[in-house]
Amino acid sequence: MKSYIRYFLIVFGILMITAGIAAFFDSSFKSPPVIALSELVTKINAGDIKEINVTGDTIKIIATNGDQSLTKKETAISAFETLINLGADKAKLSAIKIQIQEPSGFESIVSGLIPIVLPFLFIWLIFWFMFRQAQKGSGQAMSFGKSKAQLADTSGGSRKPVTFADVAGLIEAKAEVSEIVEFLKDPKKFQKLGARIPRGVLLVGSPGTGKTLLARAVANEAHVPFYYVSGSEFVEMFVGVGANRVRDTFELAKKTAPSIIFIDEIDAVGRHRGAGLGGGHDEREQTLNQILVEMDGFDTNNAVIVMGATNRPDILDPALLRPGRFDRRVILDEPSLKDREAILKIHAMDKPLAKDVNLVPVAERTVGFSGAELANLLNEAAILAARSDQKEITQDNILEAIEKVILGPERRSHILTKKEKEITAYHEAGHALVASSLPHSDKVHKVSIVSRGRAGGFTMKVPSEDKYLKSKPEFESELAVLLAGYAAEKLIFKQVTTGASNDLKVASELARRMITQYGMSDTLGPVSFHEKDDLVFLGKDLSSAKSYSETIAYQIDTEIKKFVSKGLASAKKILSQHIDKLNLIAKELIKKETLEQKEFYALVR
């Protein structure tokens, strides 16, 4: 309906513009004034008329002084007779030059047809636009089930093409997908040994680890048609549309085989079947069934390789993961220390860094950062430098960007009272002092009481090396550090505030994981009591339930309290023994608001 109104307005606008142009040109030529016939008779009798031209019913008058005017006569009577009847002198009328001109045939036809044809033309234009729109809509309906997969532009264009050299780290992942690229370039090398290329490769990793980036590198390295599509683009409201799009996508890839189809976020259609909702006519399940058949069904084309990416492999249907479909699962881990440094160097290539910038400390402080987060980190540093009208990005810009990404921007407007500032200083000093006193705790890199995000202050601890395993003593040290702020407030001010609420929450969750997942409780032993938490819409489970009895739940709660109390007692003991250092650190924080690593350890020593 909106499109019809739009076309109507277009046609109406064209007609109005045409009429305006005609009126403009018509008004640009000044037409002679119109006078009455009686006035013409008076002028004839006075001898003021030189010439009269009669065209149809229009009489054009030319006076002796050269002035021109117009008048109208009756249709059935001649001009001469009309003027005689009105009292014109015959002698003077005979002395005037009178010319009778017939109107041209074309002018007569046009003047007669325009009032009839123009309305019909206007109506025809409206219907023409309506039928055109209807044909366009029917064409869209016919293409509703067509594939939405797009062919990757490997020429690069205005954007630099991504290659494996541009993907820092991910050594094992690149080796896995490189085999596919090598097979597509030289298939005989593998076929003569009886090797069969994997039908599908599933890229698994946390958000931001480089799954899509690696797929883009494959698209540029393979030199074969690379079709990319999102898993959500298959599913529609109407049953059967998604399956038809899958068929069309694979048909398109088969025509240009050998080729690669990349399905990003494949968990949108690949979730576990049999959830109990929708039955066999569920659109998502129909789409998944078609993907399964196309990848390894009765008639399979081995020249089409499917790549998928997901961060939820646990909810994918087992039939999708079996050999013959996604044969190979490539895990993309969080980058290590060396990988983070390499990623930072790649993203720093197009940024003007100061000569004294060292990316090693930056890589050390960004434990757990993904590749996307590291790219965002340098972007934030560039924004901070631009905000200060700098020509280069300095080390301070990058280090400040780390804190901004982790905790949020500084809230200088969030002014604490003198008492609140003192409580926050002792709270953060407690965290830092206990962390520096325990042998299994990470090193303190910075302590600050400047508000960032929702935090009133923070203590930054960074491990000296990448760790993939954690022991019970390390977790116990972490509990003590988390509860050190709470202990410091109680020790100095004999009361606690709401500032320790997040610390208590994190400590309780950590203690629960130690007991229920890691088997670190001597009372409950090496048993997993992990709750089912994979409740997803149309997923594998429809409800979350405990896998243990109420008696065990009571024992778990008791053990959590035991672990937390032990950590609190450890923190209190350290703070009581070094209360002079606690006071010294807190006073320096109140004075300077921020202590870097060297300043802090100088106070501790």
# chains A, B, ... in the order shown; residues from 1 in each chain; ligands from 1
call {"tool": "select_by_dssp", "arguments": {"residues": "segment 376-524 of chain A", "states": "helix (DSSP H, G or I)", "output": "PDB file with C-alpha atoms, in the first residue's frame"}}
result
ATOM      1  CA  ASN A 376      39.955  -2.783  20.387  1.00  0.00           C
ATOM      2  CA  LEU A 377      42.601  -2.033  23.015  1.00  0.00           C
ATOM      3  CA  LEU A 378      44.913  -0.327  20.509  1.00  0.00           C
ATOM      4  CA  ASN A 379      41.964   1.483  18.982  1.00  0.00           C
ATOM      5  CA  GLU A 380      41.025   2.876  22.410  1.00  0.00           C
ATOM      6  CA  ALA A 381      44.655   3.928  22.907  1.00  0.00           C
ATOM      7  CA  ALA A 382      44.565   5.781  19.575  1.00  0.00           C
ATOM      8  CA  ILE A 383      41.340   7.530  20.628  1.00  0.00           C
ATOM      9  CA  LEU A 384      42.916   8.607  23.930  1.00  0.00           C
ATOM     10  CA  ALA A 385      45.952   9.990  22.055  1.00  0.00           C
ATOM     11  CA  ALA A 386      43.741  11.874  19.589  1.00  0.00           C
ATOM     12  CA  ARG A 387      41.709  13.310  22.449  1.00  0.00           C
ATOM     13  CA  GLN A 395      52.942   3.740  26.364  1.00  0.00           C
ATOM     14  CA  ASP A 396      50.763   5.544  28.902  1.00  0.00           C
ATOM     15  CA  ASN A 397      47.924   5.719  26.364  1.00  0.00           C
ATOM     16  CA  ILE A 398      48.037   1.947  25.874  1.00  0.00           C
ATOM     17  CA  LEU A 399      48.248   1.139  29.588  1.00  0.00           C
ATOM     18  CA  GLU A 400      45.356   3.491  30.330  1.00  0.00           C
ATOM     19  CA  ALA A 401      43.370   1.851  27.533  1.00  0.00           C
ATOM     20  CA  ILE A 402      43.820  -1.540  29.252  1.00  0.00           C
ATOM     21  CA  GLU A 403      42.164  -0.229  32.393  1.00  0.00           C
ATOM     22  CA  LYS A 404      39.441   1.447  30.354  1.00  0.00           C
ATOM     23  CA  VAL A 405      38.635  -1.781  28.494  1.00  0.00           C
ATOM     24  CA  ILE A 406      38.634  -3.918  31.660  1.00  0.00           C
ATOM     25  CA  LEU A 407      36.899  -1.574  34.123  1.00  0.00           C
ATOM     26  CA  LYS A 418      36.879  12.139  52.874  1.00  0.00           C
ATOM     27  CA  LYS A 419      35.592   9.129  54.850  1.00  0.00           C
ATOM     28  CA  GLU A 420      34.675   7.143  51.712  1.00  0.00           C
ATOM     29  CA  LYS A 421      38.074   7.845  50.195  1.00  0.00           C
ATOM     30  CA  GLU A 422      39.772   6.559  53.349  1.00  0.00           C
ATOM     31  CA  ILE A 423      37.654   3.370  53.380  1.00  0.00           C
ATOM     32  CA  THR A 424      38.363   2.746  49.686  1.00  0.00           C
ATOM     33  CA  ALA A 425      42.093   3.304  50.221  1.00  0.00           C
ATOM     34  CA  TYR A 426      42.267   0.746  53.056  1.00  0.00           C
ATOM     35  CA  HIS A 427      40.081  -1.658  51.055  1.00  0.00           C
ATOM     36  CA  GLU A 428      42.387  -1.615  48.013  1.00  0.00           C
ATOM     37  CA  ALA A 429      45.502  -1.567  50.205  1.00  0.00           C
ATOM     38  CA  GLY A 430      44.236  -4.750  51.862  1.00  0.00           C
ATOM     39  CA  HIS A 431      43.828  -6.485  48.490  1.00  0.00           C
ATOM     40  CA  ALA A 432      47.311  -5.426  47.346  1.00  0.00           C
ATOM     41  CA  LEU A 433      49.121  -6.232  50.611  1.00  0.00           C
ATOM     42  CA  VAL A 434      47.662  -9.746  50.901  1.00  0.00           C
ATOM     43  CA  ALA A 435      48.385 -10.418  47.201  1.00  0.00           C
ATOM     44  CA  SER A 436      52.034  -9.424  47.661  1.00  0.00           C
ATOM     45  CA  SER A 437      52.371 -11.523  50.821  1.00  0.00           C
ATOM     46  CA  LYS A 472      44.174 -25.716  45.296  1.00  0.00           C
ATOM     47  CA  PRO A 473      46.753 -23.463  47.070  1.00  0.00           C
ATOM     48  CA  GLU A 474      46.448 -20.958  44.215  1.00  0.00           C
ATOM     49  CA  PHE A 475      42.657 -20.894  44.570  1.00  0.00           C
ATOM     50  CA  GLU A 476      42.964 -20.504  48.349  1.00  0.00           C
ATOM     51  CA  SER A 477      45.340 -17.559  47.833  1.00  0.00           C
ATOM     52  CA  GLU A 478      42.829 -16.035  45.416  1.00  0.00           C
ATOM     53  CA  LEU A 479      40.075 -16.362  48.044  1.00  0.00           C
ATOM     54  CA  ALA A 480      42.268 -14.643  50.617  1.00  0.00           C
ATOM     55  CA  VAL A 481      43.019 -11.765  48.215  1.00  0.00           C
ATOM     56  CA  LEU A 482      39.332 -11.358  47.342  1.00  0.00           C
ATOM     57  CA  ALA A 484      41.289  -8.935  52.008  1.00  0.00           C
ATOM     58  CA  GLY A 485      39.338  -5.728  51.314  1.00  0.00           C
ATOM     59  CA  TYR A 486      36.491  -6.929  53.536  1.00  0.00           C
ATOM     60  CA  ALA A 487      39.019  -7.908  56.244  1.00  0.00           C
ATOM     61  CA  ALA A 488      40.830  -4.545  56.044  1.00  0.00           C
ATOM     62  CA  GLU A 489      37.591  -2.583  56.494  1.00  0.00           C
ATOM     63  CA  LYS A 490      36.624  -4.673  59.508  1.00  0.00           C
ATOM     64  CA  LEU A 491      40.112  -4.467  61.022  1.00  0.00           C
ATOM     65  CA  ILE A 492      40.526  -0.693  60.709  1.00  0.00           C
ATOM     66  CA  PHE A 493      36.957   0.639  60.938  1.00  0.00           C
ATOM     67  CA  THR A 498      28.798  -2.314  50.510  1.00  0.00           C
ATOM     68  CA  GLY A 499      32.131  -1.900  48.709  1.00  0.00           C
ATOM     69  CA  ALA A 500      32.961  -5.566  49.328  1.00  0.00           C
ATOM     70  CA  SER A 501      29.732  -6.919  47.782  1.00  0.00           C
ATOM     71  CA  ASN A 502      31.278  -7.920  44.445  1.00  0.00           C
ATOM     72  CA  ASP A 503      34.307  -9.475  46.192  1.00  0.00           C
ATOM     73  CA  LEU A 504      32.008 -11.654  48.304  1.00  0.00           C
ATOM     74  CA  LYS A 505      30.046 -12.733  45.229  1.00  0.00           C
ATOM     75  CA  VAL A 506      33.165 -13.703  43.266  1.00  0.00           C
ATOM     76  CA  ALA A 507      34.677 -15.488  46.289  1.00  0.00           C
ATOM     77  CA  SER A 508      31.501 -17.511  46.874  1.00  0.00           C
ATOM     78  CA  GLU A 509      31.299 -18.549  43.213  1.00  0.00           C
ATOM     79  CA  LEU A 510      34.973 -19.525  43.199  1.00  0.00           C
ATOM     80  CA  ALA A 511      34.549 -21.632  46.346  1.00  0.00           C
ATOM     81  CA  ARG A 512      31.508 -23.366  44.804  1.00  0.00           C
ATOM     82  CA  ARG A 513      33.466 -24.253  41.656  1.00  0.00           C
ATOM     83  CA  MET A 514      36.329 -25.624  43.770  1.00  0.00           C
ATOM     84  CA  ILE A 515      33.895 -27.994  45.476  1.00  0.00           C
ATOM     85  CA  THR A 516      31.406 -28.942  42.762  1.00  0.00           C
TER      86      THR A 516
END
call {"tool": "select_by_dssp", "arguments": {"residues": "segment 454-567 of chain A", "states": "strand (DSSP E)", "output": "list in words"}}
result
Phe458, Thr459, Met460, Lys461 and Val462 of chain A
call {"tool": "write_last_selection", "arguments": {"atoms": "C-alpha atoms", "output": "mmCIF file, in the first residue's frame"}}
result
data_model
loop_
_atom_site.group_PDB
_atom_site.id
_atom_site.type_symbol
_atom_site.label_atom_id
_atom_site.label_comp_id
_atom_site.auth_asym_id
_atom_site.auth_seq_id
_atom_site.Cartn_x
_atom_site.Cartn_y
_atom_site.Cartn_z
ATOM 1 C CA PHE A 458 40.873 -1.537 41.780
ATOM 2 C CA THR A 459 43.959 -3.655 42.312
ATOM 3 C CA MET A 460 45.478 -5.013 39.107
ATOM 4 C CA LYS A 461 47.174 -8.398 39.451
ATOM 5 C CA VAL A 462 48.887 -9.998 36.457
#
call {"tool": "residues_around", "arguments": {"residues": "Lys345 of chain A", "least_positions_apart": "2", "cutoff": "12 Å", "atoms": "only C-alpha atoms", "output": "PDB file with N, CA, C and O atoms, in the first residue's frame"}}
result
ATOM      1  N   ASP A 166      48.596 -12.709   8.152  1.00  0.00           N
ATOM      2  CA  ASP A 166      47.937 -11.658   8.934  1.00  0.00           C
ATOM      3  C   ASP A 166      47.235 -12.200  10.165  1.00  0.00           C
ATOM      4  O   ASP A 166      46.697 -11.426  10.960  1.00  0.00           O
ATOM      5  N   VAL A 167      47.218 -13.516  10.336  1.00  0.00           N
ATOM      6  CA  VAL A 167      46.581 -14.143  11.498  1.00  0.00           C
ATOM      7  C   VAL A 167      47.688 -14.552  12.460  1.00  0.00           C
ATOM      8  O   VAL A 167      48.378 -15.553  12.254  1.00  0.00           O
ATOM      9  N   ALA A 168      47.879 -13.745  13.508  1.00  0.00           N
ATOM     10  CA  ALA A 168      48.939 -14.021  14.481  1.00  0.00           C
ATOM     11  C   ALA A 168      48.515 -15.151  15.414  1.00  0.00           C
ATOM     12  O   ALA A 168      47.331 -15.291  15.743  1.00  0.00           O
ATOM     13  N   GLY A 169      49.489 -15.951  15.848  1.00  0.00           N
ATOM     14  CA  GLY A 169      49.176 -17.081  16.724  1.00  0.00           C
ATOM     15  C   GLY A 169      48.415 -18.154  15.966  1.00  0.00           C
ATOM     16  O   GLY A 169      48.543 -18.316  14.753  1.00  0.00           O
ATOM     17  N   LYS A 338      53.050 -14.829  23.924  1.00  0.00           N
ATOM     18  CA  LYS A 338      53.726 -14.528  22.658  1.00  0.00           C
ATOM     19  C   LYS A 338      52.720 -14.202  21.556  1.00  0.00           C
ATOM     20  O   LYS A 338      52.954 -13.317  20.729  1.00  0.00           O
ATOM     21  N   ASP A 339      51.604 -14.925  21.555  1.00  0.00           N
ATOM     22  CA  ASP A 339      50.573 -14.658  20.544  1.00  0.00           C
ATOM     23  C   ASP A 339      49.976 -13.268  20.726  1.00  0.00           C
ATOM     24  O   ASP A 339      49.728 -12.561  19.741  1.00  0.00           O
ATOM     25  N   ARG A 340      49.764 -12.869  21.981  1.00  0.00           N
ATOM     26  CA  ARG A 340      49.204 -11.528  22.230  1.00  0.00           C
ATOM     27  C   ARG A 340      50.160 -10.452  21.750  1.00  0.00           C
ATOM     28  O   ARG A 340      49.739  -9.437  21.172  1.00  0.00           O
ATOM     29  N   GLU A 341      51.447 -10.670  21.984  1.00  0.00           N
ATOM     30  CA  GLU A 341      52.440  -9.700  21.509  1.00  0.00           C
ATOM     31  C   GLU A 341      52.422  -9.621  19.978  1.00  0.00           C
ATOM     32  O   GLU A 341      52.481  -8.531  19.397  1.00  0.00           O
ATOM     33  N   ALA A 342      52.327 -10.777  19.308  1.00  0.00           N
ATOM     34  CA  ALA A 342      52.300 -10.792  17.840  1.00  0.00           C
ATOM     35  C   ALA A 342      51.033 -10.131  17.310  1.00  0.00           C
ATOM     36  O   ALA A 342      51.067  -9.396  16.311  1.00  0.00           O
ATOM     37  N   ILE A 343      49.899 -10.376  17.968  1.00  0.00           N
ATOM     38  CA  ILE A 343      48.637  -9.755  17.547  1.00  0.00           C
ATOM     39  C   ILE A 343      48.711  -8.242  17.710  1.00  0.00           C
ATOM     40  O   ILE A 343      48.269  -7.479  16.842  1.00  0.00           O
ATOM     41  N   HIS A 347      48.240  -5.267  14.731  1.00  0.00           N
ATOM     42  CA  HIS A 347      47.265  -4.171  14.805  1.00  0.00           C
ATOM     43  C   HIS A 347      47.930  -2.816  14.996  1.00  0.00           C
ATOM     44  O   HIS A 347      47.278  -1.780  14.806  1.00  0.00           O
ATOM     45  N   ALA A 348      49.222  -2.812  15.393  1.00  0.00           N
ATOM     46  CA  ALA A 348      49.940  -1.548  15.585  1.00  0.00           C
ATOM     47  C   ALA A 348      50.627  -1.079  14.309  1.00  0.00           C
ATOM     48  O   ALA A 348      51.180   0.030  14.274  1.00  0.00           O
ATOM     49  N   MET A 349      50.598  -1.904  13.261  1.00  0.00           N
ATOM     50  CA  MET A 349      51.316  -1.558  12.027  1.00  0.00           C
ATOM     51  C   MET A 349      50.778  -0.290  11.378  1.00  0.00           C
ATOM     52  O   MET A 349      51.529   0.479  10.786  1.00  0.00           O
ATOM     53  N   ASP A 350      49.478  -0.067  11.458  1.00  0.00           N
ATOM     54  CA  ASP A 350      48.886   1.116  10.814  1.00  0.00           C
ATOM     55  C   ASP A 350      48.662   2.259  11.800  1.00  0.00           C
ATOM     56  O   ASP A 350      47.887   3.169  11.513  1.00  0.00           O
ATOM     57  N   LYS A 351      49.343   2.202  12.960  1.00  0.00           N
ATOM     58  CA  LYS A 351      49.184   3.251  13.973  1.00  0.00           C
ATOM     59  C   LYS A 351      50.551   3.848  14.309  1.00  0.00           C
ATOM     60  O   LYS A 351      51.525   3.115  14.483  1.00  0.00           O
ATOM     61  N   PRO A 352      50.650   5.170  14.458  1.00  0.00           N
ATOM     62  CA  PRO A 352      51.940   5.807  14.782  1.00  0.00           C
ATOM     63  C   PRO A 352      52.284   5.661  16.264  1.00  0.00           C
ATOM     64  O   PRO A 352      51.801   6.431  17.100  1.00  0.00           O
ATOM     65  N   LEU A 353      53.080   4.672  16.593  1.00  0.00           N
ATOM     66  CA  LEU A 353      53.481   4.453  17.985  1.00  0.00           C
ATOM     67  C   LEU A 353      54.743   5.250  18.292  1.00  0.00           C
ATOM     68  O   LEU A 353      55.611   5.431  17.428  1.00  0.00           O
ATOM     69  N   VAL A 357      57.586   2.826  22.943  1.00  0.00           N
ATOM     70  CA  VAL A 357      56.478   1.911  23.252  1.00  0.00           C
ATOM     71  C   VAL A 357      56.996   0.478  23.263  1.00  0.00           C
ATOM     72  O   VAL A 357      57.648   0.025  22.316  1.00  0.00           O
ATOM     73  N   ASN A 358      56.685  -0.230  24.331  1.00  0.00           N
ATOM     74  CA  ASN A 358      57.062  -1.637  24.479  1.00  0.00           C
ATOM     75  C   ASN A 358      55.782  -2.450  24.637  1.00  0.00           C
ATOM     76  O   ASN A 358      55.027  -2.250  25.598  1.00  0.00           O
ATOM     77  N   LEU A 359      55.522  -3.343  23.704  1.00  0.00           N
ATOM     78  CA  LEU A 359      54.276  -4.106  23.718  1.00  0.00           C
ATOM     79  C   LEU A 359      54.340  -5.335  24.623  1.00  0.00           C
ATOM     80  O   LEU A 359      53.312  -5.968  24.857  1.00  0.00           O
ATOM     81  N   VAL A 360      55.519  -5.672  25.139  1.00  0.00           N
ATOM     82  CA  VAL A 360      55.627  -6.846  26.025  1.00  0.00           C
ATOM     83  C   VAL A 360      54.858  -6.634  27.330  1.00  0.00           C
ATOM     84  O   VAL A 360      54.063  -7.500  27.737  1.00  0.00           O
ATOM     85  N   VAL A 362      52.381  -4.760  27.767  1.00  0.00           N
ATOM     86  CA  VAL A 362      50.968  -4.729  27.385  1.00  0.00           C
ATOM     87  C   VAL A 362      50.437  -6.146  27.238  1.00  0.00           C
ATOM     88  O   VAL A 362      49.338  -6.470  27.711  1.00  0.00           O
ATOM     89  N   ALA A 363      51.222  -7.016  26.602  1.00  0.00           N
ATOM     90  CA  ALA A 363      50.819  -8.413  26.456  1.00  0.00           C
ATOM     91  C   ALA A 363      50.727  -9.106  27.812  1.00  0.00           C
ATOM     92  O   ALA A 363      49.853  -9.960  28.032  1.00  0.00           O
ATOM     93  N   GLY A 371      41.760 -11.876  20.407  1.00  0.00           N
ATOM     94  CA  GLY A 371      42.327 -11.052  19.346  1.00  0.00           C
ATOM     95  C   GLY A 371      41.505  -9.809  19.092  1.00  0.00           C
ATOM     96  O   GLY A 371      42.050  -8.723  18.863  1.00  0.00           O
ATOM     97  N   LEU A 374      42.158  -7.276  21.808  1.00  0.00           N
ATOM     98  CA  LEU A 374      43.459  -6.618  21.653  1.00  0.00           C
ATOM     99  C   LEU A 374      43.404  -5.543  20.571  1.00  0.00           C
ATOM    100  O   LEU A 374      43.999  -4.468  20.709  1.00  0.00           O
ATOM    101  N   ALA A 375      42.676  -5.822  19.481  1.00  0.00           N
ATOM    102  CA  ALA A 375      42.500  -4.811  18.437  1.00  0.00           C
ATOM    103  C   ALA A 375      41.741  -3.607  18.982  1.00  0.00           C
ATOM    104  O   ALA A 375      42.087  -2.447  18.693  1.00  0.00           O
ATOM    105  N   LEU A 378      44.084  -1.311  21.207  1.00  0.00           N
ATOM    106  CA  LEU A 378      44.913  -0.327  20.509  1.00  0.00           C
ATOM    107  C   LEU A 378      44.063   0.775  19.899  1.00  0.00           C
ATOM    108  O   LEU A 378      44.511   1.927  19.779  1.00  0.00           O
TER     109      LEU A 378
END
call {"tool": "residues_around", "arguments": {"residues": "Val246 of chain A", "least_positions_apart": "3", "cutoff": "8 Å", "atoms": "only C-alpha atoms", "output": "PyMOL selection string"}}
result
chain A and resi 147+234+242-243+249-250+287+290-291
call {"tool": "write_last_selection", "arguments": {"atoms": "N, CA, C and O atoms", "output": "PDB file, in the first residue's frame"}}
result
ATOM      1  N   SER A 147      19.098 -18.916  -2.285  1.00  0.00           N
ATOM      2  CA  SER A 147      20.222 -18.823  -1.356  1.00  0.00           C
ATOM      3  C   SER A 147      20.617 -17.371  -1.113  1.00  0.00           C
ATOM      4  O   SER A 147      20.566 -16.542  -2.025  1.00  0.00           O
ATOM      5  N   PHE A 234      19.344 -18.834   7.047  1.00  0.00           N
ATOM      6  CA  PHE A 234      18.613 -19.983   6.518  1.00  0.00           C
ATOM      7  C   PHE A 234      17.200 -20.065   7.090  1.00  0.00           C
ATOM      8  O   PHE A 234      16.273 -20.509   6.430  1.00  0.00           O
ATOM      9  N   GLY A 242      14.010 -22.519   4.723  1.00  0.00           N
ATOM     10  CA  GLY A 242      15.404 -22.729   5.097  1.00  0.00           C
ATOM     11  C   GLY A 242      16.012 -23.919   4.371  1.00  0.00           C
ATOM     12  O   GLY A 242      17.145 -23.852   3.875  1.00  0.00           O
ATOM     13  N   ALA A 243      15.271 -25.025   4.292  1.00  0.00           N
ATOM     14  CA  ALA A 243      15.765 -26.202   3.588  1.00  0.00           C
ATOM     15  C   ALA A 243      15.984 -25.908   2.114  1.00  0.00           C
ATOM     16  O   ALA A 243      16.966 -26.369   1.507  1.00  0.00           O
ATOM     17  N   THR A 249      22.010 -23.181  -1.970  1.00  0.00           N
ATOM     18  CA  THR A 249      23.401 -22.833  -1.665  1.00  0.00           C
ATOM     19  C   THR A 249      24.354 -23.910  -2.138  1.00  0.00           C
ATOM     20  O   THR A 249      25.379 -23.632  -2.773  1.00  0.00           O
ATOM     21  N   PHE A 250      24.016 -25.166  -1.868  1.00  0.00           N
ATOM     22  CA  PHE A 250      24.891 -26.261  -2.278  1.00  0.00           C
ATOM     23  C   PHE A 250      24.866 -26.452  -3.797  1.00  0.00           C
ATOM     24  O   PHE A 250      25.890 -26.815  -4.393  1.00  0.00           O
ATOM     25  N   THR A 287      15.693 -27.379   8.333  1.00  0.00           N
ATOM     26  CA  THR A 287      16.903 -26.801   7.749  1.00  0.00           C
ATOM     27  C   THR A 287      18.124 -27.627   8.106  1.00  0.00           C
ATOM     28  O   THR A 287      18.981 -27.896   7.248  1.00  0.00           O
ATOM     29  N   GLN A 290      18.329 -30.835   6.097  1.00  0.00           N
ATOM     30  CA  GLN A 290      18.802 -30.623   4.729  1.00  0.00           C
ATOM     31  C   GLN A 290      20.316 -30.431   4.700  1.00  0.00           C
ATOM     32  O   GLN A 290      20.997 -30.898   3.772  1.00  0.00           O
ATOM     33  N   ILE A 291      20.878 -29.731   5.700  1.00  0.00           N
ATOM     34  CA  ILE A 291      22.335 -29.563   5.771  1.00  0.00           C
ATOM     35  C   ILE A 291      23.007 -30.920   5.935  1.00  0.00           C
ATOM     36  O   ILE A 291      24.033 -31.212   5.294  1.00  0.00           O
TER      37      ILE A 291
END
call {"tool": "residues_around", "arguments": {"residues": "segment 320-327 of chain A", "least_positions_apart": "2", "cutoff": "10 Å", "atoms": "only C-alpha atoms", "output": "list in words"}}
result
Ile197, Pro198, Arg199, Gly200, Val201, Leu202, Leu203, Gly270, Arg271, His272, Leu288, Asn289, Ile291, Leu292, Val293, Glu294, Met295, Asp296, Gly297, Ile305, Val306, Met307, Gly308, Pro313, Leu316, Asp317, Pro318, Arg329 and Val330 of chain A
call {"tool": "atom_distance", "arguments": {"atom1": "atom CA of Asp267 of chain A", "atom2": "atom CA of Val218 of chain A"}}
result
21.0 Å
